[in-house]
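Colleague: Before we start, here is the structure in question, set down as structure tokens.
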Amino acid sequence: MAGRGRGSEQGEDAGVGVSERSLFAIAPPVSQPLSPLVPGSDGQSPRADMPPIPPPPASGRIVRVRRRLARVSWPRLRHSAATAAELELDRGIAFLLVPVCLAAGAIGYYSLAAEPDFAKPVAVVVLMAVCALVSRSWPKTHLGFMAALLCALGLLVAKVETWRASTQMLGSEISTQVTGRVVSLDRMETGRIRLTIDVTSTARPKLRYAPERVRLSARDIPAEMTAGSMVTGYAKLLPPTGPVRPDSYDFSFDSYFAGIGGSGFFLGNPKLVSAMDDEVPLTARLFSGIENARQAIADHIRARVGGAEGEIAAALIVGVRAGIPDEINEAMRRTGIYHIISISGLHMALVAGTIMGLLRGAFALFPDFSARRPVKKYAAAAALFSIAAYLVISGVVVAAERSFIMLAVMLIAVLFDRAALTMRNLAISAIAVIVVSPHEVVGPSFQMSFAATAALVGAYAGWADHHAGEARPPPPKRTLPGSLTRKFLLATGGLAMTSIIAGCATALFAIWHFQRVSPLSLFANLAVMPIVSLIVMPFAVLSSLAMPFGADGPFLYVMGKGLTAMIAISAWISERSPVDAVGLISQQSVLLVTIALVIATMATTWLRLAAVPFALAGLLTISDTRTPDVLISEDARLVALPIGGGELAVSRTRPSEFTVDNWKRALVSETIVVPEMFDRADGQFDIADAVNLPPGAPFYCTDGVCLARHPSGAIIAHVEDRKNTWKACGFADLIVVNDATGYDACHNPLVLVVTKRQLARKGSAAVFFDRQSATGPPTVSFAVDGPYRPWHEQRKFSREARGLAPYQKPEKTAVPAQ
């Protein structure tokens, strides 16, 4: 993080190789003159009659370390810590902790059990501001109140965003005529088209509380349909779903802040009502124009490149990822290179670097002009404009926002002849993202993106500071092959260290959110990143520049060949990658490791050692969480339990693939065991035979009841009709009733009955059996237990949550002929 020195006379690009941290370094102690009692201290040789001083033994270093440890006392440690803390404050760590405090406040808001009104966070902010103002004379107390004020501001910002969103969410599934304006359309890998529509009206029936924006899929659409077109069609609308299991990702939370009030599919093909008219707001027309441009560029790229390479090329240039085949997505996830598809710092940096390199090379052709003009600033301004256009055309996502802000600060610093502090840039970008979209703080994109960037910046800044004061001899002369070999090894080592640092920083977040790791990610990144950095992204930039002139064909061809190599490498490594499912980890371990990461990346003195106990505590508490014995979907249609041997027994022959995939990773299972169906007339299996099932038996279904036995010996029953509940009361430990009108027909405290109405109101469930006593009652944990937050309010309006049976249209009676 060396900045350009002021008053430099070595040209525009000259830099001073001194870290800004050295400006605040503690001066080394001045060597004192030796005592005259020490032989030879007067500059004369020791006398001959004095015995020679024996050399220190080999263990002298260990003795010195022991003496230093013996001299360590609490007052000295306290004084050293105070001195180091003052130095950290002088180096600007207080500003770096601003986004940390804001994020802590936002996370605290989303973790509240009940929704607070505006008066409480505003009162806390005012109180903390007054306390911070009054305590200015006491620096330590003032810092504490300032941190509390920032946390309160983070909570208030999150509350304001929730109030600003106020998304109208669909309460229950229904079929209706939807008419609205197309916001965006994505062509899925399955061939269907996903439309995001701003609803203007509904009919047959007309919804009293219709959502403002929905996301619907269709088999086919008119060729002339684009963003901004008015469409209509009969569709089945579904309310946003909650987490597929407790502590999993909440899709209704994401839908609420994305403004999506419902999803579903058209029962037929939608029809075009009219083109965009003049009554459309200016912002909507602007967004529609951008979206149409994105789709046009994506279609052009797909036509030129073709195949899966064309889909990935469209994702890298305009951010359209819906058409990438699932097997390629899975291969890249297993190998740890899926970050290449997500537009982030790598892509922004390569775009800016390519633009600056091209312009600097072009200016170098005109030496007279370059000597008289600040061509570096011209290149920086063009790079800034390029990444701004790239951000807009690729879709504004969190990783791209963060990367754009960081690079924008650095490029603006170049324009004003300032040194860009990289960690400060990261803090500025984090503050901007938290203020604009605080809900992103609890999402995997924000956490993994900032964790990786902070780790990389902190690691390389520490390495630069470590070698800043070392005297380096001039490099020896090398032959051309030797020089090339050295550069190749240095590049490979740097890439390997980058992958290791970023992988270690994001590993726990990936496990927490996705229950998976990529064991061979280091090898995959070493093999793929040179292709992406030297072929794919530079030629993507060149193709974008040549596209308006129709000369992008050769560049897209080379880019496609690079993507072909990337796909082949990821597929080859994915086939040899071990199972990546690792199960659940504890929440406190993620919190402790996050604290350790903050300390290690932001501290510049020996205080960074304080991260070690937090990291060790986080690693030791990873397994401090209990894996559920049974998982139940929120619609009560699917029940799953691990039965040993890496097998997961499910209660349906055709379960939801997405839900089962999540459960498999959480329960560390590899294969699915579907139920066996028996006819009551055959007599091969009877409900009473459940007590004879061996532990670990999958589901056996007969007479409307599916029965399975957990390895612990507990019997699980899944009942479709509430009238059959009593059949399992005599032997089942857990009964799941897929009937909204069902109730606890057993009235036995040792039998846990979970009804469809409970699940509709409280979300998916995890059941735990008593390990100490085989006769103890099981316990249940729901995903949405407790008072509703704004993104869960719609749950209480569904027919299932009100205990009503599914809606059935009344049969039409024949009119007698006259």
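Letters A, B, ... go to the chains of the structure tokens in the order shown; residues in each chain start at 1; ligands are counted from 1 in the same order.
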Within 7 Å of Asn269 of chain A, counting only C-alpha atoms, which residues qualify if same-chain residues fewer than 3 places away don't, as a list in words?

Modeller: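 Using only C-alpha atoms, the neighbours found are Ala218, Arg219, Asp220, Ile221, Gly233 and Phe266 of chain A.
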
Colleague: Which segment 553-626 of chain A residues have any atom within 12 Å of an atom of segment 239-249 of chain A, and for each, what is the nearest pair of atoms with distance in Å to one decimal, counting only C-alpha atoms, rows sorted by chain and number, as a Markdown table?

Modeller:
| residue | atom | partner | partner_atom | distance |
| --- | --- | --- | --- | --- |
| A:Leu584 | CA | A:Asp247 | CA | 9.8 |
| A:Ile585 | CA | A:Asp247 | CA | 10.7 |
| A:Ser586 | CA | A:Asp247 | CA | 10.3 |
| A:Gln587 | CA | A:Asp247 | CA | 9.3 |
| A:Thr625 | CA | A:Asp247 | CA | 11.6 |

Colleague: For all heavy atoms, I'd like the residues from the last selection saved as a short mmCIF file (atom, residue, chain, number, x, y, z; two decimals), in the first residue's frame.

Modeller:
data_model
loop_
_atom_site.label_atom_id
_atom_site.label_comp_id
_atom_site.auth_asym_id
_atom_site.auth_seq_id
_atom_site.Cartn_x
_atom_site.Cartn_y
_atom_site.Cartn_z
N LEU A 584 -23.72 -29.21 9.23
CA LEU A 584 -23.99 -27.95 9.90
C LEU A 584 -22.87 -27.59 10.86
O LEU A 584 -22.18 -28.46 11.40
CB LEU A 584 -25.31 -28.06 10.69
CG LEU A 584 -26.55 -28.44 9.88
CD1 LEU A 584 -27.75 -28.60 10.80
CD2 LEU A 584 -26.85 -27.40 8.81
N ILE A 585 -22.69 -26.31 11.07
CA ILE A 585 -21.74 -25.80 12.06
C ILE A 585 -22.48 -24.83 12.96
O ILE A 585 -23.57 -24.34 12.63
CB ILE A 585 -20.53 -25.13 11.40
CG1 ILE A 585 -20.97 -23.93 10.56
CG2 ILE A 585 -19.75 -26.12 10.57
CD1 ILE A 585 -19.81 -23.13 10.00
N SER A 586 -21.87 -24.52 14.09
CA SER A 586 -22.53 -23.66 15.07
C SER A 586 -22.43 -22.20 14.68
O SER A 586 -21.46 -21.78 14.03
CB SER A 586 -21.92 -23.87 16.45
OG SER A 586 -20.56 -23.50 16.44
N GLN A 587 -23.41 -21.44 15.10
CA GLN A 587 -23.43 -20.02 14.79
C GLN A 587 -22.36 -19.26 15.56
O GLN A 587 -21.76 -18.31 15.05
CB GLN A 587 -24.81 -19.44 15.11
CG GLN A 587 -25.01 -18.00 14.68
CD GLN A 587 -26.43 -17.53 14.89
OE1 GLN A 587 -27.27 -18.27 15.42
NE2 GLN A 587 -26.71 -16.31 14.49
N THR A 625 -23.07 -27.92 17.59
CA THR A 625 -24.44 -27.84 17.11
C THR A 625 -24.94 -29.24 16.85
O THR A 625 -24.17 -30.13 16.49
CB THR A 625 -24.53 -27.00 15.81
OG1 THR A 625 -25.89 -26.88 15.41
CG2 THR A 625 -23.75 -27.66 14.68
#

Colleague: Taking only C-alpha atoms into account, name the residue in A:Tyr788, A:Ala81, A:Gly443, A:Ala459 that is nearest to Phe251 of chain A.

Modeller: A:Gly443

Colleague: Tell me which protein, DNA and RNA residues are within 9 Å of segment 334-350 of chain A, counting only C-alpha atoms, leaving out same-chain ones fewer than 6 positions away, and put them as a PDB file with N, CA, C and O atoms, in the first residue's frame.

Modeller:
ATOM      1  N   ILE A 312     -21.878 -18.541 -20.556  1.00  0.00           N
ATOM      2  CA  ILE A 312     -20.925 -18.021 -19.569  1.00  0.00           C
ATOM      3  C   ILE A 312     -20.373 -16.674 -20.038  1.00  0.00           C
ATOM      4  O   ILE A 312     -20.171 -15.759 -19.224  1.00  0.00           O
ATOM      5  N   ALA A 315     -22.794 -14.147 -19.174  1.00  0.00           N
ATOM      6  CA  ALA A 315     -22.784 -13.893 -17.734  1.00  0.00           C
ATOM      7  C   ALA A 315     -21.630 -12.987 -17.338  1.00  0.00           C
ATOM      8  O   ALA A 315     -21.773 -12.114 -16.471  1.00  0.00           O
ATOM      9  N   LEU A 316     -20.474 -13.159 -17.973  1.00  0.00           N
ATOM     10  CA  LEU A 316     -19.308 -12.357 -17.616  1.00  0.00           C
ATOM     11  C   LEU A 316     -19.413 -10.925 -18.129  1.00  0.00           C
ATOM     12  O   LEU A 316     -18.882 -10.002 -17.501  1.00  0.00           O
ATOM     13  N   ILE A 317     -20.085 -10.731 -19.263  1.00  0.00           N
ATOM     14  CA  ILE A 317     -20.134  -9.390 -19.864  1.00  0.00           C
ATOM     15  C   ILE A 317     -21.347  -8.606 -19.404  1.00  0.00           C
ATOM     16  O   ILE A 317     -21.234  -7.418 -19.062  1.00  0.00           O
ATOM     17  N   GLY A 319     -23.860 -10.066 -17.119  1.00  0.00           N
ATOM     18  CA  GLY A 319     -24.424 -10.564 -15.876  1.00  0.00           C
ATOM     19  C   GLY A 319     -25.658 -11.408 -16.016  1.00  0.00           C
ATOM     20  O   GLY A 319     -26.386 -11.595 -15.030  1.00  0.00           O
ATOM     21  N   ARG A 321     -27.065 -14.882 -16.087  1.00  0.00           N
ATOM     22  CA  ARG A 321     -26.556 -16.206 -15.729  1.00  0.00           C
ATOM     23  C   ARG A 321     -27.597 -17.308 -15.781  1.00  0.00           C
ATOM     24  O   ARG A 321     -27.287 -18.455 -15.485  1.00  0.00           O
ATOM     25  N   ILE A 387     -15.683   1.090 -15.824  1.00  0.00           N
ATOM     26  CA  ILE A 387     -16.221   0.212 -14.782  1.00  0.00           C
ATOM     27  C   ILE A 387     -17.607   0.672 -14.333  1.00  0.00           C
ATOM     28  O   ILE A 387     -18.424  -0.145 -13.900  1.00  0.00           O
ATOM     29  N   TYR A 390     -19.760  -0.823 -16.886  1.00  0.00           N
ATOM     30  CA  TYR A 390     -19.782  -2.266 -16.643  1.00  0.00           C
ATOM     31  C   TYR A 390     -20.704  -2.602 -15.475  1.00  0.00           C
ATOM     32  O   TYR A 390     -21.430  -3.595 -15.506  1.00  0.00           O
ATOM     33  N   LEU A 391     -20.690  -1.769 -14.434  1.00  0.00           N
ATOM     34  CA  LEU A 391     -21.574  -1.993 -13.292  1.00  0.00           C
ATOM     35  C   LEU A 391     -23.035  -1.913 -13.705  1.00  0.00           C
ATOM     36  O   LEU A 391     -23.868  -2.736 -13.290  1.00  0.00           O
ATOM     37  N   SER A 394     -24.047  -4.835 -16.306  1.00  0.00           N
ATOM     38  CA  SER A 394     -23.968  -6.195 -15.777  1.00  0.00           C
ATOM     39  C   SER A 394     -24.937  -6.455 -14.643  1.00  0.00           C
ATOM     40  O   SER A 394     -24.952  -7.561 -14.101  1.00  0.00           O
ATOM     41  N   VAL A 397     -25.136  -5.810  -8.475  1.00  0.00           N
ATOM     42  CA  VAL A 397     -25.142  -6.788  -7.399  1.00  0.00           C
ATOM     43  C   VAL A 397     -24.135  -6.340  -6.341  1.00  0.00           C
ATOM     44  O   VAL A 397     -23.319  -5.446  -6.571  1.00  0.00           O
ATOM     45  N   VAL A 398     -24.193  -6.985  -5.169  1.00  0.00           N
ATOM     46  CA  VAL A 398     -23.395  -6.525  -4.035  1.00  0.00           C
ATOM     47  C   VAL A 398     -21.899  -6.597  -4.329  1.00  0.00           C
ATOM     48  O   VAL A 398     -21.154  -5.645  -4.077  1.00  0.00           O
ATOM     49  N   ALA A 399     -21.439  -7.724  -4.850  1.00  0.00           N
ATOM     50  CA  ALA A 399     -20.013  -7.874  -5.119  1.00  0.00           C
ATOM     51  C   ALA A 399     -19.541  -6.834  -6.123  1.00  0.00           C
ATOM     52  O   ALA A 399     -18.452  -6.262  -5.982  1.00  0.00           O
ATOM     53  N   ALA A 400     -20.352  -6.579  -7.150  1.00  0.00           N
ATOM     54  CA  ALA A 400     -19.983  -5.570  -8.142  1.00  0.00           C
ATOM     55  C   ALA A 400     -20.008  -4.171  -7.540  1.00  0.00           C
ATOM     56  O   ALA A 400     -19.154  -3.334  -7.863  1.00  0.00           O
ATOM     57  N   GLU A 401     -20.968  -3.888  -6.665  1.00  0.00           N
ATOM     58  CA  GLU A 401     -21.015  -2.586  -6.001  1.00  0.00           C
ATOM     59  C   GLU A 401     -19.757  -2.341  -5.185  1.00  0.00           C
ATOM     60  O   GLU A 401     -19.136  -1.281  -5.259  1.00  0.00           O
ATOM     61  N   ARG A 402     -19.416  -3.335  -4.366  1.00  0.00           N
ATOM     62  CA  ARG A 402     -18.226  -3.202  -3.528  1.00  0.00           C
ATOM     63  C   ARG A 402     -16.973  -2.982  -4.371  1.00  0.00           C
ATOM     64  O   ARG A 402     -16.156  -2.108  -4.091  1.00  0.00           O
ATOM     65  N   SER A 403     -16.836  -3.759  -5.422  1.00  0.00           N
ATOM     66  CA  SER A 403     -15.656  -3.648  -6.275  1.00  0.00           C
ATOM     67  C   SER A 403     -15.614  -2.300  -6.985  1.00  0.00           C
ATOM     68  O   SER A 403     -14.547  -1.678  -7.099  1.00  0.00           O
ATOM     69  N   PHE A 404     -16.765  -1.856  -7.453  1.00  0.00           N
ATOM     70  CA  PHE A 404     -16.807  -0.569  -8.145  1.00  0.00           C
ATOM     71  C   PHE A 404     -16.416   0.570  -7.215  1.00  0.00           C
ATOM     72  O   PHE A 404     -15.627   1.457  -7.590  1.00  0.00           O
ATOM     73  N   MET A 406     -14.570   0.469  -4.484  1.00  0.00           N
ATOM     74  CA  MET A 406     -13.144   0.404  -4.164  1.00  0.00           C
ATOM     75  C   MET A 406     -12.288   0.934  -5.312  1.00  0.00           C
ATOM     76  O   MET A 406     -11.394   1.774  -5.123  1.00  0.00           O
ATOM     77  N   LEU A 407     -12.564   0.451  -6.512  1.00  0.00           N
ATOM     78  CA  LEU A 407     -11.768   0.897  -7.655  1.00  0.00           C
ATOM     79  C   LEU A 407     -12.022   2.363  -7.982  1.00  0.00           C
ATOM     80  O   LEU A 407     -11.111   3.073  -8.414  1.00  0.00           O
ATOM     81  N   SER A 449     -17.687 -11.855   0.114  1.00  0.00           N
ATOM     82  CA  SER A 449     -16.958 -10.888  -0.709  1.00  0.00           C
ATOM     83  C   SER A 449     -16.048 -10.018   0.142  1.00  0.00           C
ATOM     84  O   SER A 449     -14.854  -9.865  -0.141  1.00  0.00           O
ATOM     85  N   THR A 453     -11.826 -10.076   0.474  1.00  0.00           N
ATOM     86  CA  THR A 453     -11.084  -8.855   0.145  1.00  0.00           C
ATOM     87  C   THR A 453     -10.304  -8.344   1.346  1.00  0.00           C
ATOM     88  O   THR A 453      -9.134  -7.945   1.225  1.00  0.00           O
ATOM     89  N   GLY A 503      -9.624 -18.426   0.257  1.00  0.00           N
ATOM     90  CA  GLY A 503     -10.358 -19.639   0.609  1.00  0.00           C
ATOM     91  C   GLY A 503     -10.485 -19.828   2.102  1.00  0.00           C
ATOM     92  O   GLY A 503     -11.560 -20.202   2.605  1.00  0.00           O
ATOM     93  N   ARG A 516     -21.027 -26.708   2.409  1.00  0.00           N
ATOM     94  CA  ARG A 516     -20.153 -27.365   1.456  1.00  0.00           C
ATOM     95  C   ARG A 516     -18.810 -26.652   1.402  1.00  0.00           C
ATOM     96  O   ARG A 516     -18.713 -25.451   1.702  1.00  0.00           O
ATOM     97  N   VAL A 517     -17.778 -27.399   1.032  1.00  0.00           N
ATOM     98  CA  VAL A 517     -16.453 -26.850   0.815  1.00  0.00           C
ATOM     99  C   VAL A 517     -15.948 -27.381  -0.520  1.00  0.00           C
ATOM    100  O   VAL A 517     -16.528 -28.309  -1.092  1.00  0.00           O
ATOM    101  N   SER A 518     -14.853 -26.803  -0.979  1.00  0.00           N
ATOM    102  CA  SER A 518     -14.249 -27.227  -2.245  1.00  0.00           C
ATOM    103  C   SER A 518     -12.825 -27.679  -1.945  1.00  0.00           C
ATOM    104  O   SER A 518     -11.900 -26.854  -1.911  1.00  0.00           O
ATOM    105  N   PRO A 519     -12.612 -28.975  -1.718  1.00  0.00           N
ATOM    106  CA  PRO A 519     -11.275 -29.442  -1.317  1.00  0.00           C
ATOM    107  C   PRO A 519     -10.195 -29.176  -2.359  1.00  0.00           C
ATOM    108  O   PRO A 519      -9.035 -28.981  -2.002  1.00  0.00           O
ATOM    109  N   LEU A 520     -10.557 -29.168  -3.636  1.00  0.00           N
ATOM    110  CA  LEU A 520      -9.569 -28.993  -4.692  1.00  0.00           C
ATOM    111  C   LEU A 520      -9.620 -27.599  -5.311  1.00  0.00           C
ATOM    112  O   LEU A 520      -9.217 -27.406  -6.457  1.00  0.00           O
ATOM    113  N   SER A 521     -10.102 -26.621  -4.541  1.00  0.00           N
ATOM    114  CA  SER A 521     -10.240 -25.272  -5.095  1.00  0.00           C
ATOM    115  C   SER A 521      -8.884 -24.655  -5.422  1.00  0.00           C
ATOM    116  O   SER A 521      -8.757 -23.889  -6.384  1.00  0.00           O
ATOM    117  N   LEU A 522      -7.854 -24.968  -4.634  1.00  0.00           N
ATOM    118  CA  LEU A 522      -6.533 -24.409  -4.901  1.00  0.00           C
ATOM    119  C   LEU A 522      -6.026 -24.836  -6.273  1.00  0.00           C
ATOM    120  O   LEU A 522      -5.566 -24.008  -7.072  1.00  0.00           O
ATOM    121  N   PHE A 523      -6.117 -26.123  -6.562  1.00  0.00           N
ATOM    122  CA  PHE A 523      -5.638 -26.617  -7.857  1.00  0.00           C
ATOM    123  C   PHE A 523      -6.498 -26.080  -8.999  1.00  0.00           C
ATOM    124  O   PHE A 523      -5.982 -25.737 -10.072  1.00  0.00           O
ATOM    125  N   ALA A 524      -7.813 -25.996  -8.773  1.00  0.00           N
ATOM    126  CA  ALA A 524      -8.695 -25.483  -9.822  1.00  0.00           C
ATOM    127  C   ALA A 524      -8.394 -24.018 -10.125  1.00  0.00           C
ATOM    128  O   ALA A 524      -8.343 -23.612 -11.293  1.00  0.00           O
ATOM    129  N   ASN A 525      -8.175 -23.214  -9.092  1.00  0.00           N
ATOM    130  CA  ASN A 525      -7.878 -21.803  -9.318  1.00  0.00           C
ATOM    131  C   ASN A 525      -6.519 -21.618  -9.975  1.00  0.00           C
ATOM    132  O   ASN A 525      -6.352 -20.740 -10.822  1.00  0.00           O
ATOM    133  N   VAL A 528      -7.165 -22.451 -13.654  1.00  0.00           N
ATOM    134  CA  VAL A 528      -8.162 -21.688 -14.406  1.00  0.00           C
ATOM    135  C   VAL A 528      -7.859 -20.196 -14.425  1.00  0.00           C
ATOM    136  O   VAL A 528      -8.070 -19.525 -15.446  1.00  0.00           O
ATOM    137  N   MET A 529      -7.360 -19.650 -13.314  1.00  0.00           N
ATOM    138  CA  MET A 529      -7.219 -18.199 -13.223  1.00  0.00           C
ATOM    139  C   MET A 529      -6.284 -17.608 -14.277  1.00  0.00           C
ATOM    140  O   MET A 529      -6.569 -16.517 -14.792  1.00  0.00           O
ATOM    141  N   VAL A 532      -8.440 -17.158 -17.289  1.00  0.00           N
ATOM    142  CA  VAL A 532      -9.415 -16.079 -17.125  1.00  0.00           C
ATOM    143  C   VAL A 532      -8.737 -14.718 -17.186  1.00  0.00           C
ATOM    144  O   VAL A 532      -9.238 -13.777 -17.819  1.00  0.00           O
ATOM    145  N   SER A 533      -7.576 -14.598 -16.533  1.00  0.00           N
ATOM    146  CA  SER A 533      -6.912 -13.298 -16.430  1.00  0.00           C
ATOM    147  C   SER A 533      -6.225 -12.882 -17.729  1.00  0.00           C
ATOM    148  O   SER A 533      -6.152 -11.679 -18.021  1.00  0.00           O
ATOM    149  N   MET A 537     -11.091 -12.505 -19.787  1.00  0.00           N
ATOM    150  CA  MET A 537     -11.532 -11.149 -19.476  1.00  0.00           C
ATOM    151  C   MET A 537     -10.919 -10.093 -20.391  1.00  0.00           C
ATOM    152  O   MET A 537     -11.627  -9.179 -20.828  1.00  0.00           O
ATOM    153  N   PRO A 538      -9.607 -10.136 -20.715  1.00  0.00           N
ATOM    154  CA  PRO A 538      -9.101  -9.126 -21.665  1.00  0.00           C
ATOM    155  C   PRO A 538      -9.819  -9.161 -23.004  1.00  0.00           C
ATOM    156  O   PRO A 538     -10.144  -8.105 -23.569  1.00  0.00           O
ATOM    157  N   VAL A 541     -13.236  -7.607 -22.731  1.00  0.00           N
ATOM    158  CA  VAL A 541     -13.188  -6.139 -22.822  1.00  0.00           C
ATOM    159  C   VAL A 541     -12.992  -5.693 -24.265  1.00  0.00           C
ATOM    160  O   VAL A 541     -13.670  -4.768 -24.752  1.00  0.00           O
ATOM    161  N   SER A 570     -12.612 -27.506 -15.135  1.00  0.00           N
ATOM    162  CA  SER A 570     -13.501 -27.620 -13.974  1.00  0.00           C
ATOM    163  C   SER A 570     -14.221 -28.958 -13.955  1.00  0.00           C
ATOM    164  O   SER A 570     -14.398 -29.561 -12.887  1.00  0.00           O
ATOM    165  N   ALA A 571     -14.639 -29.465 -15.127  1.00  0.00           N
ATOM    166  CA  ALA A 571     -15.305 -30.762 -15.166  1.00  0.00           C
ATOM    167  C   ALA A 571     -14.352 -31.885 -14.768  1.00  0.00           C
ATOM    168  O   ALA A 571     -14.724 -32.808 -14.032  1.00  0.00           O
ATOM    169  N   ILE A 573     -11.623 -31.701 -12.834  1.00  0.00           N
ATOM    170  CA  ILE A 573     -11.314 -31.640 -11.404  1.00  0.00           C
ATOM    171  C   ILE A 573     -12.540 -31.999 -10.582  1.00  0.00           C
ATOM    172  O   ILE A 573     -12.432 -32.643  -9.530  1.00  0.00           O
ATOM    173  N   SER A 574     -13.727 -31.608 -11.046  1.00  0.00           N
ATOM    174  CA  SER A 574     -14.948 -31.923 -10.304  1.00  0.00           C
ATOM    175  C   SER A 574     -15.177 -33.425 -10.203  1.00  0.00           C
ATOM    176  O   SER A 574     -15.635 -33.920  -9.177  1.00  0.00           O
ATOM    177  N   SER A 577     -13.063 -34.633  -7.426  1.00  0.00           N
ATOM    178  CA  SER A 577     -13.203 -33.962  -6.139  1.00  0.00           C
ATOM    179  C   SER A 577     -13.975 -34.840  -5.173  1.00  0.00           C
ATOM    180  O   SER A 577     -14.996 -35.430  -5.541  1.00  0.00           O
ATOM    181  N   PRO A 578     -13.532 -34.980  -3.930  1.00  0.00           N
ATOM    182  CA  PRO A 578     -14.284 -35.772  -2.960  1.00  0.00           C
ATOM    183  C   PRO A 578     -15.604 -35.095  -2.618  1.00  0.00           C
ATOM    184  O   PRO A 578     -15.890 -33.978  -3.047  1.00  0.00           O
ATOM    185  N   VAL A 579     -16.410 -35.768  -1.826  1.00  0.00           N
ATOM    186  CA  VAL A 579     -17.715 -35.234  -1.449  1.00  0.00           C
ATOM    187  C   VAL A 579     -17.517 -33.924  -0.698  1.00  0.00           C
ATOM    188  O   VAL A 579     -16.694 -33.822   0.218  1.00  0.00           O
ATOM    189  N   ASP A 580     -18.258 -32.900  -1.116  1.00  0.00           N
ATOM    190  CA  ASP A 580     -18.031 -31.576  -0.547  1.00  0.00           C
ATOM    191  C   ASP A 580     -19.017 -31.220   0.557  1.00  0.00           C
ATOM    192  O   ASP A 580     -18.917 -30.154   1.139  1.00  0.00           O
TER     193      ASP A 580
END

Colleague: Got a sec: who's within 9 Å of segment 431-434 of chain A, counting only C-alpha atoms, leaving out chain neighbours fewer than 5 positions off, as a list of chain:residue names?

Modeller: A:Val98, A:Pro99, A:Val100, A:Leu102, A:Ala103, A:Ala106, A:Gly154, A:Val157, A:Ala158, A:Val398, A:Glu401, A:Arg402, A:Ile405, A:Leu426, A:His439, A:Glu440, A:Val441, A:Phe446

Colleague: Can you spit out the residues from that selection as a PDB file, in the first residue's frame, using C-alpha atoms?

Modeller:
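Okay, this is what ended up in again.pdb:
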ATOM      1  CA  VAL A  98     -17.056   2.129  11.292  1.00  0.00           C
ATOM      2  CA  PRO A  99     -18.537  -0.441   8.840  1.00  0.00           C
ATOM      3  CA  VAL A 100     -18.008  -3.183  11.443  1.00  0.00           C
ATOM      4  CA  LEU A 102     -22.784  -0.456  11.323  1.00  0.00           C
ATOM      5  CA  ALA A 103     -22.949  -4.087  10.244  1.00  0.00           C
ATOM      6  CA  ALA A 106     -27.897  -4.124  11.141  1.00  0.00           C
ATOM      7  CA  GLY A 154     -26.813   0.538  11.706  1.00  0.00           C
ATOM      8  CA  VAL A 157     -30.652   2.243   8.771  1.00  0.00           C
ATOM      9  CA  ALA A 158     -31.937  -1.347   8.615  1.00  0.00           C
ATOM     10  CA  VAL A 398     -23.395  -6.525  -4.035  1.00  0.00           C
ATOM     11  CA  GLU A 401     -21.015  -2.586  -6.001  1.00  0.00           C
ATOM     12  CA  ARG A 402     -18.226  -3.202  -3.528  1.00  0.00           C
ATOM     13  CA  ILE A 405     -16.624   1.651  -5.069  1.00  0.00           C
ATOM     14  CA  LEU A 426     -12.706  -1.358   1.531  1.00  0.00           C
ATOM     15  CA  HIS A 439     -30.131  -6.304   4.404  1.00  0.00           C
ATOM     16  CA  GLU A 440     -27.193  -7.545   2.326  1.00  0.00           C
ATOM     17  CA  VAL A 441     -25.134  -7.786   5.519  1.00  0.00           C
ATOM     18  CA  PHE A 446     -21.694  -9.553   1.252  1.00  0.00           C
TER      19      PHE A 446
END

Colleague: Residues at most 7 Å from segment 210-214 of chain A, counting only C-alpha atoms, excluding those fewer than 5 positions away in the same chain, as a ChimeraX atom specification?

Modeller: /A:168-170,196-199,259-263

Colleague: When distances are computed from only C-alpha atoms, which of A:Val668, A:Leu207, A:Val160, A:Leu96 shows the smallest separation from Arg424 of chain A?

Modeller: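 Under the stated criterion, the closest residue is A:Leu96.
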
Colleague: Take atom CA of Gln794 of chain A and atom CA of Gly228 of chain A and report the distance between them in Å, one decimal.

Modeller: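 Value for the atom CA of Gln794 of chain A-atom CA of Gly228 of chain A distance: 28.6 Å.
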
Colleague: Using only C-alpha atoms, which residues sit within 7 Å of Arg761 of chain A once same-chain residues fewer than 2 positions away are excluded, as a PyMOL selection string?

Modeller: chain A and resi 757-759+763+795-796+801

Colleague: Quick one: write out the picked residues with C-alpha atoms as an mmCIF file, in the first residue's frame?

Modeller:
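Writing done, so here's out27.cif:
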data_model
loop_
_atom_site.group_PDB
_atom_site.id
_atom_site.type_symbol
_atom_site.label_atom_id
_atom_site.label_comp_id
_atom_site.auth_asym_id
_atom_site.auth_seq_id
_atom_site.Cartn_x
_atom_site.Cartn_y
_atom_site.Cartn_z
ATOM 1 C CA ARG A 757 -51.378 -25.568 10.055
ATOM 2 C CA GLN A 758 -48.424 -25.307 12.431
ATOM 3 C CA LEU A 759 -45.971 -25.568 9.551
ATOM 4 C CA GLY A 763 -42.290 -22.649 8.604
ATOM 5 C CA ARG A 795 -47.883 -16.348 6.483
ATOM 6 C CA LYS A 796 -50.923 -15.864 8.678
ATOM 7 C CA ALA A 801 -52.500 -21.122 8.406
#
